[in-house]
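Structure file structure29.cif (mmCIF, C-alpha atoms) follows.
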```
data_structure
loop_
_atom_site.label_atom_id
_atom_site.label_comp_id
_atom_site.auth_asym_id
_atom_site.auth_seq_id
_atom_site.Cartn_x
_atom_site.Cartn_y
_atom_site.Cartn_z
CA MET A 1387 0.00 0.00 0.00
CA VAL A 1388 2.86 2.38 0.82
CA GLU A 1389 4.46 1.49 -2.50
CA ARG A 1390 1.34 2.59 -4.36
CA SER A 1391 0.42 5.64 -2.27
CA GLY A 1392 2.75 8.13 -4.00
CA VAL A 1393 4.44 9.27 -0.78
CA SER A 1394 7.74 7.65 -1.77
CA ARG A 1395 8.13 9.71 -4.95
CA GLN A 1396 7.40 12.96 -3.13
CA LEU A 1397 9.92 12.11 -0.40
CA PHE A 1398 12.70 11.36 -2.89
CA SER A 1399 11.95 14.54 -4.85
CA THR A 1400 12.34 16.55 -1.65
CA LEU A 1401 15.63 14.88 -0.72
CA TYR A 1402 16.74 15.44 -4.32
CA LEU A 1403 16.07 19.17 -3.89
CA TRP A 1404 17.94 19.40 -0.57
CA LEU A 1405 20.99 17.27 -1.42
CA GLY A 1406 21.38 17.89 -5.15
CA GLY A 1407 24.06 20.54 -4.65
CA LEU A 1408 26.27 18.08 -2.79
CA ARG A 1409 28.69 15.97 -4.83
CA GLY A 1410 27.21 12.51 -4.56
CA GLY A 1411 24.06 14.05 -3.10
CA LEU A 1412 21.68 11.93 -5.17
CA ALA A 1413 23.38 8.73 -3.97
CA VAL A 1414 23.17 9.98 -0.38
CA ALA A 1415 19.51 10.87 -0.95
CA THR A 1416 18.95 7.34 -2.24
CA ILE A 1417 20.45 5.81 0.92
CA TRP A 1418 18.46 8.12 3.20
CA PHE A 1419 15.34 7.46 1.16
CA GLY A 1420 15.95 3.73 1.55
CA THR A 1421 16.39 4.19 5.30
CA VAL A 1422 13.01 5.92 5.68
CA LEU A 1423 11.42 3.47 3.28
CA ALA A 1424 12.76 0.54 5.31
CA ALA A 1425 10.88 1.76 8.36
CA THR A 1426 7.60 1.71 6.45
CA VAL A 1427 7.67 -1.42 4.26
CA GLY A 1428 9.80 -4.00 6.12
CA VAL A 1429 10.69 -6.11 3.06
CA ILE A 1430 13.64 -5.87 0.71
CA ALA A 1431 11.73 -6.53 -2.52
CA ALA A 1432 9.59 -3.41 -2.20
CA SER A 1433 12.50 -1.22 -1.07
CA VAL A 1434 14.94 -2.17 -3.83
CA THR A 1435 12.24 -2.08 -6.49
CA MET A 1436 11.09 1.41 -5.52
CA LEU A 1437 14.66 2.71 -5.38
CA GLY A 1438 15.32 1.19 -8.80
CA LEU A 1439 12.25 2.85 -10.28
CA ILE A 1440 12.45 6.22 -8.51
CA ALA A 1441 16.10 6.92 -7.67
CA LEU A 1442 18.16 5.08 -10.29
CA PRO A 1443 16.99 6.93 -13.45
CA PRO A 1444 17.74 10.47 -12.10
CA MET A 1445 21.26 9.44 -11.07
CA LEU A 1446 22.07 7.92 -14.46
CA GLU A 1447 20.55 10.86 -16.34
CA ARG A 1448 22.84 13.25 -14.45
CA GLY A 1449 26.02 11.37 -15.19
CA TYR A 1450 26.47 9.22 -12.09
CA SER A 1451 28.55 6.10 -12.66
CA LYS A 1452 26.52 2.93 -13.00
CA GLU A 1453 28.40 1.24 -10.16
CA LEU A 1454 27.82 4.12 -7.74
CA ALA A 1455 24.14 4.45 -8.65
CA THR A 1456 23.29 0.74 -8.53
CA GLY A 1457 25.33 0.17 -5.37
CA ALA A 1458 23.45 2.93 -3.54
CA CYS A 1459 20.10 1.48 -4.64
CA CYS A 1460 20.96 -2.06 -3.53
CA ALA A 1461 22.54 -1.03 -0.23
CA GLY A 1462 19.79 1.44 0.66
CA GLY A 1463 17.08 -1.02 -0.35
CA SER A 1464 18.57 -3.91 1.62
CA LEU A 1465 18.06 -1.91 4.83
CA GLY A 1466 14.39 -2.83 4.45
CA ILE A 1467 15.09 -6.25 5.97
CA LEU A 1468 16.95 -4.82 9.00
CA ILE A 1469 15.24 -1.62 10.13
CA PRO A 1470 11.92 -2.28 11.93
CA PRO A 1471 9.29 -3.40 11.14
CA SER A 1472 11.41 -5.94 9.29
CA ILE A 1473 9.80 -9.28 8.51
CA MET A 1474 13.12 -10.97 9.36
CA LEU A 1475 12.93 -9.71 12.95
CA ILE A 1476 9.37 -11.01 13.25
CA PHE A 1477 10.53 -14.47 12.17
CA TYR A 1478 13.69 -14.41 14.25
CA GLY A 1479 12.04 -13.57 17.59
CA PRO A 1480 9.99 -16.75 18.11
CA MET A 1481 12.79 -18.98 16.81
CA ALA A 1482 15.26 -17.57 19.38
CA ASN A 1483 12.68 -17.00 22.14
CA ILE A 1484 13.41 -13.25 22.08
CA SER A 1485 10.78 -10.54 22.23
CA VAL A 1486 10.14 -9.05 18.79
CA GLY A 1487 9.81 -5.66 20.48
CA LYS A 1488 13.35 -5.99 21.88
CA LEU A 1489 14.63 -6.96 18.44
CA PHE A 1490 12.96 -3.89 16.95
CA MET A 1491 14.63 -1.66 19.54
CA ALA A 1492 18.04 -3.22 18.89
CA ALA A 1493 17.72 -3.20 15.10
CA PHE A 1494 16.88 0.49 14.85
CA PRO A 1495 20.33 1.82 15.90
CA ALA A 1496 22.02 -1.03 14.01
CA GLY A 1497 20.25 0.01 10.81
CA LEU A 1498 21.07 3.68 11.34
CA THR A 1499 24.72 2.74 11.87
CA LEU A 1500 24.79 1.01 8.50
CA SER A 1501 23.05 3.98 6.87
CA LEU A 1502 25.67 6.33 8.34
CA LEU A 1503 28.55 4.13 7.13
CA TYR A 1504 27.02 4.02 3.64
CA THR A 1505 26.69 7.81 3.61
CA VAL A 1506 30.30 8.37 4.69
CA TYR A 1507 31.48 5.92 2.04
CA VAL A 1508 29.54 7.62 -0.76
CA LEU A 1509 30.76 11.10 0.20
CA THR A 1510 34.36 9.89 0.48
CA ARG A 1511 34.21 8.06 -2.84
CA CYS A 1512 32.71 11.06 -4.61
CA ALA A 1513 35.35 13.37 -3.12
CA LEU A 1514 38.12 11.08 -4.41
CA ARG A 1515 36.41 10.40 -7.77
CA PRO A 1516 34.39 13.53 -8.60
CA GLN A 1517 33.80 12.36 -12.17
CA GLU A 1518 31.51 9.60 -10.84
CA ALA A 1519 28.99 12.04 -9.32
CA PRO A 1520 28.59 15.44 -11.02
CA VAL A 1521 27.00 18.25 -9.02
CA LEU A 1522 23.47 19.03 -10.21
CA PRO A 1523 22.90 22.19 -12.26
CA VAL A 1524 21.93 25.19 -10.14
CA GLU A 1525 18.53 25.52 -11.82
CA GLU A 1526 17.57 21.99 -10.70
CA ARG A 1527 18.28 22.60 -7.02
CA THR A 1528 17.30 26.23 -6.56
CA ALA A 1529 14.19 26.90 -4.50
CA PRO A 1530 13.21 29.28 -1.71
CA LEU A 1531 14.22 28.00 1.72
CA GLY A 1532 10.66 28.27 2.97
CA LEU A 1533 9.42 26.08 0.12
CA LYS A 1534 12.13 23.48 0.76
CA ILE A 1535 11.26 23.34 4.46
CA ARG A 1536 7.55 23.01 3.68
CA LEU A 1537 8.19 20.22 1.17
CA LEU A 1538 10.45 18.42 3.65
CA PHE A 1539 7.80 18.62 6.36
CA THR A 1540 4.91 17.51 4.15
CA SER A 1541 6.87 14.64 2.59
CA LEU A 1542 8.27 13.35 5.90
CA LEU A 1543 5.08 13.66 7.94
CA PRO A 1544 3.14 10.71 6.41
CA PRO A 1545 5.95 8.11 6.75
CA VAL A 1546 6.83 9.39 10.23
CA VAL A 1547 3.20 9.01 11.32
CA LEU A 1548 3.16 5.50 9.86
CA ILE A 1549 6.41 4.60 11.65
CA LEU A 1550 5.09 5.95 14.95
CA ALA A 1551 1.81 4.09 14.49
CA VAL A 1552 3.62 0.76 14.10
CA LEU A 1553 6.80 1.04 16.17
CA GLY A 1554 5.40 3.48 18.71
CA SER A 1555 2.56 1.14 19.61
CA ILE A 1556 5.05 -1.72 20.08
CA PHE A 1557 7.66 0.26 22.04
CA ALA A 1558 4.99 1.75 24.29
CA GLY A 1559 3.60 -1.70 25.04
CA ILE A 1560 0.21 -0.79 23.60
CA ALA A 1561 0.18 -3.50 20.93
CA ALA A 1562 1.95 -6.71 20.02
CA PRO A 1563 3.60 -6.92 16.57
CA THR A 1564 0.51 -8.58 15.07
CA GLU A 1565 -1.82 -5.83 16.26
CA ALA A 1566 0.74 -3.19 15.28
CA ALA A 1567 0.81 -4.63 11.76
CA ALA A 1568 -2.95 -4.12 11.54
CA VAL A 1569 -2.50 -0.53 12.75
CA GLY A 1570 0.17 -0.01 10.10
CA ALA A 1571 -2.04 -1.43 7.36
CA LEU A 1572 -4.86 0.91 8.37
CA ALA A 1573 -2.50 3.89 8.55
CA SER A 1574 -1.09 3.11 5.10
CA MET A 1575 -4.61 2.98 3.66
CA VAL A 1576 -5.39 6.36 5.22
CA MET A 1577 -2.13 7.70 3.78
CA ALA A 1578 -2.98 6.34 0.33
CA ALA A 1579 -6.43 7.91 0.57
CA GLY A 1580 -4.81 11.23 1.46
CA TYR A 1581 -2.73 11.03 -1.72
CA ARG A 1582 -5.86 10.08 -3.69
CA SER A 1583 -4.37 6.77 -4.78
CA LEU A 1584 -6.69 4.45 -2.86
CA ASN A 1585 -9.10 2.55 -5.08
CA PHE A 1586 -10.39 -0.97 -5.58
CA LYS A 1587 -7.59 -1.88 -8.02
CA VAL A 1588 -4.88 -0.82 -5.56
CA ILE A 1589 -6.54 -2.72 -2.70
CA LYS A 1590 -6.90 -5.82 -4.88
CA GLU A 1591 -3.26 -5.74 -6.03
CA THR A 1592 -2.04 -5.14 -2.47
CA CYS A 1593 -4.05 -8.07 -1.09
CA PHE A 1594 -2.88 -10.34 -3.91
CA ASN A 1595 0.79 -9.48 -3.42
CA THR A 1596 0.48 -9.90 0.34
CA ALA A 1597 -1.15 -13.31 -0.06
CA HIS A 1598 1.52 -14.35 -2.57
CA THR A 1599 4.34 -13.36 -0.21
CA PHE A 1600 2.69 -15.03 2.78
CA SER A 1601 2.11 -18.27 0.84
CA MET A 1602 5.74 -18.42 -0.28
CA VAL A 1603 7.01 -17.78 3.24
CA PHE A 1604 4.58 -20.27 4.80
CA ILE A 1605 5.74 -23.10 2.51
CA VAL A 1606 9.37 -22.42 3.45
CA VAL A 1607 8.41 -22.28 7.13
CA VAL A 1608 6.72 -25.68 7.00
CA GLY A 1609 9.67 -27.36 5.27
CA ALA A 1610 12.30 -25.73 7.47
CA THR A 1611 10.36 -26.54 10.65
CA PHE A 1612 10.19 -30.22 9.69
CA PHE A 1613 13.92 -30.27 9.01
CA THR A 1614 14.84 -28.49 12.25
CA SER A 1615 12.58 -30.72 14.35
CA ILE A 1616 14.11 -33.90 12.91
CA PHE A 1617 17.65 -32.49 13.09
CA LEU A 1618 17.34 -31.55 16.75
CA GLY A 1619 15.31 -34.65 17.61
CA LEU A 1620 18.12 -36.89 16.37
CA GLY A 1621 20.60 -35.08 18.59
CA CYS A 1622 22.46 -33.40 15.73
CA GLY A 1623 22.19 -30.05 17.51
CA LYS A 1624 24.42 -31.40 20.28
CA VAL A 1625 26.98 -32.45 17.68
CA VAL A 1626 27.04 -28.94 16.18
CA GLU A 1627 27.26 -27.40 19.64
CA ALA A 1628 30.19 -29.65 20.59
CA PHE A 1629 32.00 -28.74 17.37
CA VAL A 1630 31.53 -24.99 17.80
CA LEU A 1631 32.55 -25.09 21.46
CA SER A 1632 35.70 -27.04 20.59
CA VAL A 1633 36.99 -24.29 18.29
CA PRO A 1634 40.10 -22.52 19.64
CA GLY A 1635 39.58 -18.99 20.93
CA GLY A 1636 36.75 -19.59 23.38
CA LYS A 1637 33.51 -17.72 22.80
CA TRP A 1638 35.09 -15.39 20.24
CA GLY A 1639 36.27 -18.36 18.22
CA ALA A 1640 32.73 -19.73 18.38
CA LEU A 1641 31.37 -16.36 17.22
CA VAL A 1642 33.74 -16.29 14.23
CA VAL A 1643 32.69 -19.81 13.20
CA VAL A 1644 28.97 -19.00 13.44
CA MET A 1645 29.39 -15.71 11.55
CA PHE A 1646 31.36 -17.46 8.81
CA LEU A 1647 28.76 -20.22 8.46
CA VAL A 1648 25.91 -17.70 8.28
CA PHE A 1649 27.77 -15.66 5.64
CA ILE A 1650 28.49 -18.71 3.45
CA MET A 1651 24.95 -20.05 3.81
CA GLY A 1652 23.58 -16.62 2.94
CA MET A 1653 25.30 -16.79 -0.44
CA PHE A 1654 23.23 -19.83 -1.43
CA ILE A 1655 20.20 -20.19 0.86
CA ASP A 1656 17.20 -17.94 1.41
CA TRP A 1657 17.33 -16.01 4.70
CA ILE A 1658 14.09 -17.62 5.88
CA GLY A 1659 15.67 -21.05 5.68
CA ILE A 1660 18.76 -19.83 7.53
CA VAL A 1661 16.71 -18.29 10.33
CA LEU A 1662 14.45 -21.31 10.74
CA ILE A 1663 17.26 -23.88 10.54
CA MET A 1664 20.25 -22.17 12.16
CA ILE A 1665 18.75 -20.07 14.93
CA PRO A 1666 17.32 -22.91 17.08
CA ILE A 1667 20.76 -24.53 16.89
CA VAL A 1668 23.13 -21.59 17.48
CA THR A 1669 21.11 -19.55 20.00
CA PRO A 1670 21.65 -22.08 22.84
CA ILE A 1671 25.36 -22.08 21.96
CA ALA A 1672 25.46 -18.29 22.35
CA ALA A 1673 23.84 -18.54 25.77
CA THR A 1674 26.22 -21.32 26.80
CA VAL A 1675 29.38 -19.33 26.00
CA GLY A 1676 28.03 -16.22 27.73
CA PHE A 1677 26.87 -13.93 24.92
CA ASP A 1678 23.87 -11.64 25.32
CA THR A 1679 21.32 -13.41 23.11
CA LEU A 1680 19.85 -10.11 21.90
CA TRP A 1681 23.29 -8.84 20.85
CA PHE A 1682 24.07 -12.21 19.25
CA ALA A 1683 20.79 -12.10 17.35
CA MET A 1684 21.59 -8.69 15.89
CA MET A 1685 25.05 -9.88 14.86
CA ILE A 1686 23.46 -12.66 12.82
CA ILE A 1687 20.77 -10.38 11.39
CA VAL A 1688 23.31 -7.76 10.30
CA ASN A 1689 25.47 -10.55 8.89
CA LEU A 1690 22.50 -11.68 6.81
CA GLN A 1691 22.49 -8.19 5.25
CA MET A 1692 25.52 -9.37 3.30
CA SER A 1693 23.55 -12.27 1.85
CA PHE A 1694 21.32 -9.82 -0.03
CA LEU A 1695 24.39 -8.28 -1.67
CA SER A 1696 26.64 -11.35 -2.08
CA PRO A 1697 26.47 -13.31 -5.36
CA PRO A 1698 25.33 -15.77 -6.47
CA PHE A 1699 22.03 -15.56 -4.52
CA ALA A 1700 22.03 -11.77 -3.87
CA TYR A 1701 18.35 -10.84 -3.78
CA ALA A 1702 19.03 -7.11 -4.07
CA ILE A 1703 21.01 -7.52 -7.29
CA PHE A 1704 18.26 -9.51 -8.99
CA PHE A 1705 15.48 -7.20 -7.80
CA LEU A 1706 17.32 -4.15 -9.14
CA LYS A 1707 18.28 -5.82 -12.42
CA ALA A 1708 14.63 -6.72 -12.96
CA VAL A 1709 13.53 -3.06 -13.00
CA THR A 1710 16.39 -1.62 -15.07
CA LYS A 1711 15.43 -0.59 -18.59
CA PRO A 1712 17.39 -1.80 -21.65
CA GLU A 1713 18.40 1.76 -22.57
CA MET A 1714 20.25 2.08 -19.24
CA ASN A 1715 22.80 -0.51 -20.48
CA ILE A 1716 23.25 -1.92 -16.99
CA ASP A 1717 24.38 -5.52 -16.70
CA SER A 1718 24.80 -7.68 -13.62
CA MET A 1719 28.53 -6.95 -13.37
CA HIS A 1720 27.85 -3.21 -12.99
CA ILE A 1721 25.61 -3.99 -10.01
CA ILE A 1722 28.01 -6.55 -8.51
CA ARG A 1723 30.91 -4.09 -8.67
CA GLY A 1724 28.65 -1.49 -7.11
CA VAL A 1725 27.64 -3.59 -4.09
CA ILE A 1726 31.02 -5.15 -3.19
CA PRO A 1727 32.19 -2.12 -1.13
CA TYR A 1728 28.99 -2.28 0.93
CA ILE A 1729 29.74 -5.88 1.90
CA GLY A 1730 32.97 -4.58 3.42
CA LEU A 1731 31.06 -1.81 5.20
CA ILE A 1732 28.72 -4.37 6.78
CA ALA A 1733 31.78 -6.27 8.01
CA ILE A 1734 33.07 -3.01 9.53
CA ALA A 1735 29.69 -2.53 11.23
CA LEU A 1736 29.92 -6.02 12.74
CA LEU A 1737 33.36 -5.17 14.10
CA LEU A 1738 31.97 -1.95 15.60
CA PHE A 1739 29.20 -3.92 17.29
CA VAL A 1740 31.81 -6.25 18.80
CA ILE A 1741 33.90 -3.35 20.10
CA PHE A 1742 30.91 -1.25 21.16
CA PRO A 1743 28.04 -3.66 21.94
CA GLU A 1744 26.14 -0.77 23.55
CA ILE A 1745 25.22 0.40 20.05
CA ILE A 1746 22.83 -2.54 19.99
CA THR A 1747 22.00 -3.08 23.65
CA TRP A 1748 21.63 0.47 25.01
CA LEU A 1749 18.24 1.41 23.52
CA PRO A 1750 16.49 -1.86 24.48
CA SER A 1751 17.86 -1.60 28.04
CA GLN A 1752 16.58 1.98 28.40
CA MET A 1753 13.14 1.39 26.93
CA ILE A 1754 12.55 -1.83 28.85
CA LYS A 1755 13.13 0.05 32.10
#
```

Turn this file's structure into structure tokens for me.
Amino acid sequence: MVERSGVSRQLFSTLYLWLGGLRGGLAVATIWFGTVLAATVGVIAASVTMLGLIALPPMLERGYSKELATGACCAGGSLGILIPPSIMLIFYGPMANISVGKLFMAAFPAGLTLSLLYTVYVLTRCALRPQEAPVLPVEERTAPLGLKIRLLFTSLLPPVVLILAVLGSIFAGIAAPTEAAAVGALASMVMAAGYRSLNFKVIKETCFNTAHTFSMVFIVVVGATFFTSIFLGLGCGKVVEAFVLSVPGGKWGALVVVMFLVFIMGMFIDWIGIVLIMIPIVTPIAATVGFDTLWFAMMIIVNLQMSFLSPPFAYAIFFLKAVTKPEMNIDSMHIIRGVIPYIGLIAIALLLFVIFPEIITWLPSQMIK
């Protein structure tokens, strides 16, 4: 519903107006746009698709390099699976016996950290390679300050209200995630009505796409649950636990092994399968070696961000390639070269979370009090 409401195009146009005078400003606007979008849609397919349709053409038309433009779209869009109300967090919580509300609180600063790292990278790259991101012509970014402020307020207000309706009700303890999802659906319909884009066709398409996504996920859930139940029932979980605990380096050695396994699996297996199969096995190991299970959960979830950017599976790459037009002359290698630096940035974020675990744990600890 958010995808069809029209609010996303207005928001990007406003960011375009504010950041166009900055070298690399359109790429930064794309990442920020993806960050806000992530907090309203919660799935990577919608985020990457919208960025590919709305943000990619303006960057290419104004001379941005294909690698810079496609990388920003994929990285910004992939935040949709991390920043609440991410569907991944909703699946992860019950599998690890962790409150979804706590996961939402922990994922918010983690997602903003990634967004900040992406922004710093884009600005640094554009400063070193100015030919990859020309500054917009003055006539395209000139507007009275009052108009720019008004546009920023009117374009940010609807998504902020939607975010508060969903996350605010969860954080305040008013609603569980299921009830909050219903509140979000109602708020998105009101928002679409406000933009005069709510009609029977839109409602029908939204319901169909939702049912399609749910059916796909449910089939994977059934299969993965059968596998996990048999795997653990046969005692294989104890074998995995014994192997991980025998790795040199104590709990940090165990963490490295788990992170490596998740990264490799993410290159070939859908994240739903990884969450449903791996989490019941590795979460008890984390508790055994003394890790905070909430912090450990976010380490795995952020690690899975790399799976959306890492070939050959790389959801984000395929979603973006699907919406590129032939006249753009973008092939898969352009996108792959564009996303590789962001994989390194996610690894840097994981290192930051190891050195400063409070980035993840501080907000949940404060709000739970």

*Identify all residues satisfying the PyMOL selection byres ((chain A and resi 1420-1435) around 9) in the given file; provide them as a VMD selection string.*
chain A and resid 1387 to 1389 1394 1415 to 1419 1436 to 1440 1459 to 1474 1494 1497 to 1498 1501 1542 1545 to 1546 1548 to 1549 1552 to 1553 1570 1574 1694 1701 to 1703 1705 to 1706 1708 to 1709

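Picture a line from CA of Leu1503 in chain A to CA of Ala1672 in chain A; it runs 27.3 Å.
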
_To test your reading of the syntax: which residues would the PyMOL selection byres ((chain A and resi 1648) around 8) return for the file shown? Reply as a count of residues only._
12

*Counting only C-alpha atoms, what is within 9 Å of Ala1492 in chain A, bar same-chain residues fewer than 2 positions away, as a ChimeraX atom specification?*
/A:1487-1490,1494-1497,1680-1681,1684,1745-1750

_Between CA of Leu1550 in chain A and CA of Leu1442 in chain A, what distance in Å does the model show, to one decimal?_
28.4 Å

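CA of Ala1578 in chain A is found 20.7 Å from CA of Ser1555 in chain A.
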
*Decode the PyMOL selection byres ((chain A and resi 1717) around 12) for the given file into explicit residues and return them as a ChimeraX atom specification.*
/A:1452-1453,1456,1703-1704,1706-1716,1718-1724

Enclose all atoms of range 1500-1514 of chain A listed in the file in an axis-aligned box, grow every side by 4 Å, and hand back centre and edge lengths in Å to one decimal, as JSON.
```
{"center_x": 30.6, "center_y": 7.2, "center_z": 1.9, "size_x": 23.1, "size_y": 20.4, "size_z": 21.1}
```

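Among the candidates A:Ala1558, A:Val1688, A:Cys1622, A:Leu1641, the residue lying nearest to Ile1671 in chain A is A:Leu1641 (atoms considered: only C-alpha atoms).
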
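The neighbours of Tyr1450 in chain A here are the residues that come within 7 Å of it, using all atoms listed in the file and leaving out any residue fewer than 3 positions away in the same chain; they are Met1445, Leu1446, Leu1454, Ala1455, Glu1518, Ala1519 and Pro1520 of chain A.
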
*Which one of A:Ile1616, A:Gly1636, A:Leu1500, A:Arg1511 sits closest to Met1692 in chain A if you count only C-alpha atoms?*
A:Leu1500

As a PDB file, in the frame of the given file, please: range 1505-1519 of chain A completed to N, CA and C atoms.
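Below is the file part_18.pdb, written as the result:
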```pdb
ATOM      1  N   THR A1505      26.620   6.391   3.967  1.00  0.00           N
ATOM      2  CA  THR A1505      26.690   7.810   3.610  1.00  0.00           C
ATOM      3  C   THR A1505      28.133   8.302   3.589  1.00  0.00           C
ATOM      4  N   VAL A1506      28.888   7.954   4.621  1.00  0.00           N
ATOM      5  CA  VAL A1506      30.300   8.370   4.690  1.00  0.00           C
ATOM      6  C   VAL A1506      31.074   7.789   3.510  1.00  0.00           C
ATOM      7  N   TYR A1507      30.793   6.544   3.172  1.00  0.00           N
ATOM      8  CA  TYR A1507      31.480   5.920   2.040  1.00  0.00           C
ATOM      9  C   TYR A1507      31.187   6.652   0.737  1.00  0.00           C
ATOM     10  N   VAL A1508      29.917   6.947   0.484  1.00  0.00           N
ATOM     11  CA  VAL A1508      29.540   7.620  -0.760  1.00  0.00           C
ATOM     12  C   VAL A1508      30.202   8.987  -0.864  1.00  0.00           C
ATOM     13  N   LEU A1509      30.151   9.763   0.219  1.00  0.00           N
ATOM     14  CA  LEU A1509      30.760  11.100   0.200  1.00  0.00           C
ATOM     15  C   LEU A1509      32.270  11.017  -0.008  1.00  0.00           C
ATOM     16  N   THR A1510      32.909  10.049   0.641  1.00  0.00           N
ATOM     17  CA  THR A1510      34.360   9.890   0.480  1.00  0.00           C
ATOM     18  C   THR A1510      34.707   9.467  -0.942  1.00  0.00           C
ATOM     19  N   ARG A1511      33.961   8.526  -1.469  1.00  0.00           N
ATOM     20  CA  ARG A1511      34.210   8.060  -2.840  1.00  0.00           C
ATOM     21  C   ARG A1511      34.026   9.187  -3.847  1.00  0.00           C
ATOM     22  N   CYS A1512      32.978   9.971  -3.669  1.00  0.00           N
ATOM     23  CA  CYS A1512      32.710  11.060  -4.610  1.00  0.00           C
ATOM     24  C   CYS A1512      33.747  12.178  -4.491  1.00  0.00           C
ATOM     25  N   ALA A1513      34.295  12.368  -3.290  1.00  0.00           N
ATOM     26  CA  ALA A1513      35.350  13.370  -3.120  1.00  0.00           C
ATOM     27  C   ALA A1513      36.637  12.920  -3.818  1.00  0.00           C
ATOM     28  N   LEU A1514      36.909  11.612  -3.782  1.00  0.00           N
ATOM     29  CA  LEU A1514      38.120  11.080  -4.410  1.00  0.00           C
ATOM     30  C   LEU A1514      37.939  10.885  -5.916  1.00  0.00           C
ATOM     31  N   ARG A1515      36.695  10.616  -6.345  1.00  0.00           N
ATOM     32  CA  ARG A1515      36.410  10.400  -7.770  1.00  0.00           C
ATOM     33  C   ARG A1515      35.257  11.313  -8.194  1.00  0.00           C
ATOM     34  N   PRO A1516      35.484  12.594  -8.299  1.00  0.00           N
ATOM     35  CA  PRO A1516      34.390  13.530  -8.600  1.00  0.00           C
ATOM     36  C   PRO A1516      33.709  13.272  -9.931  1.00  0.00           C
ATOM     37  N   GLN A1517      34.402  12.622 -10.863  1.00  0.00           N
ATOM     38  CA  GLN A1517      33.800  12.360 -12.170  1.00  0.00           C
ATOM     39  C   GLN A1517      32.658  11.350 -12.084  1.00  0.00           C
ATOM     40  N   GLU A1518      32.571  10.602 -10.979  1.00  0.00           N
ATOM     41  CA  GLU A1518      31.510   9.600 -10.840  1.00  0.00           C
ATOM     42  C   GLU A1518      30.190  10.205 -10.377  1.00  0.00           C
ATOM     43  N   ALA A1519      30.215  11.444  -9.873  1.00  0.00           N
ATOM     44  CA  ALA A1519      28.990  12.040  -9.320  1.00  0.00           C
ATOM     45  C   ALA A1519      29.001  13.550  -9.553  1.00  0.00           C
TER      46      ALA A1519
END
```
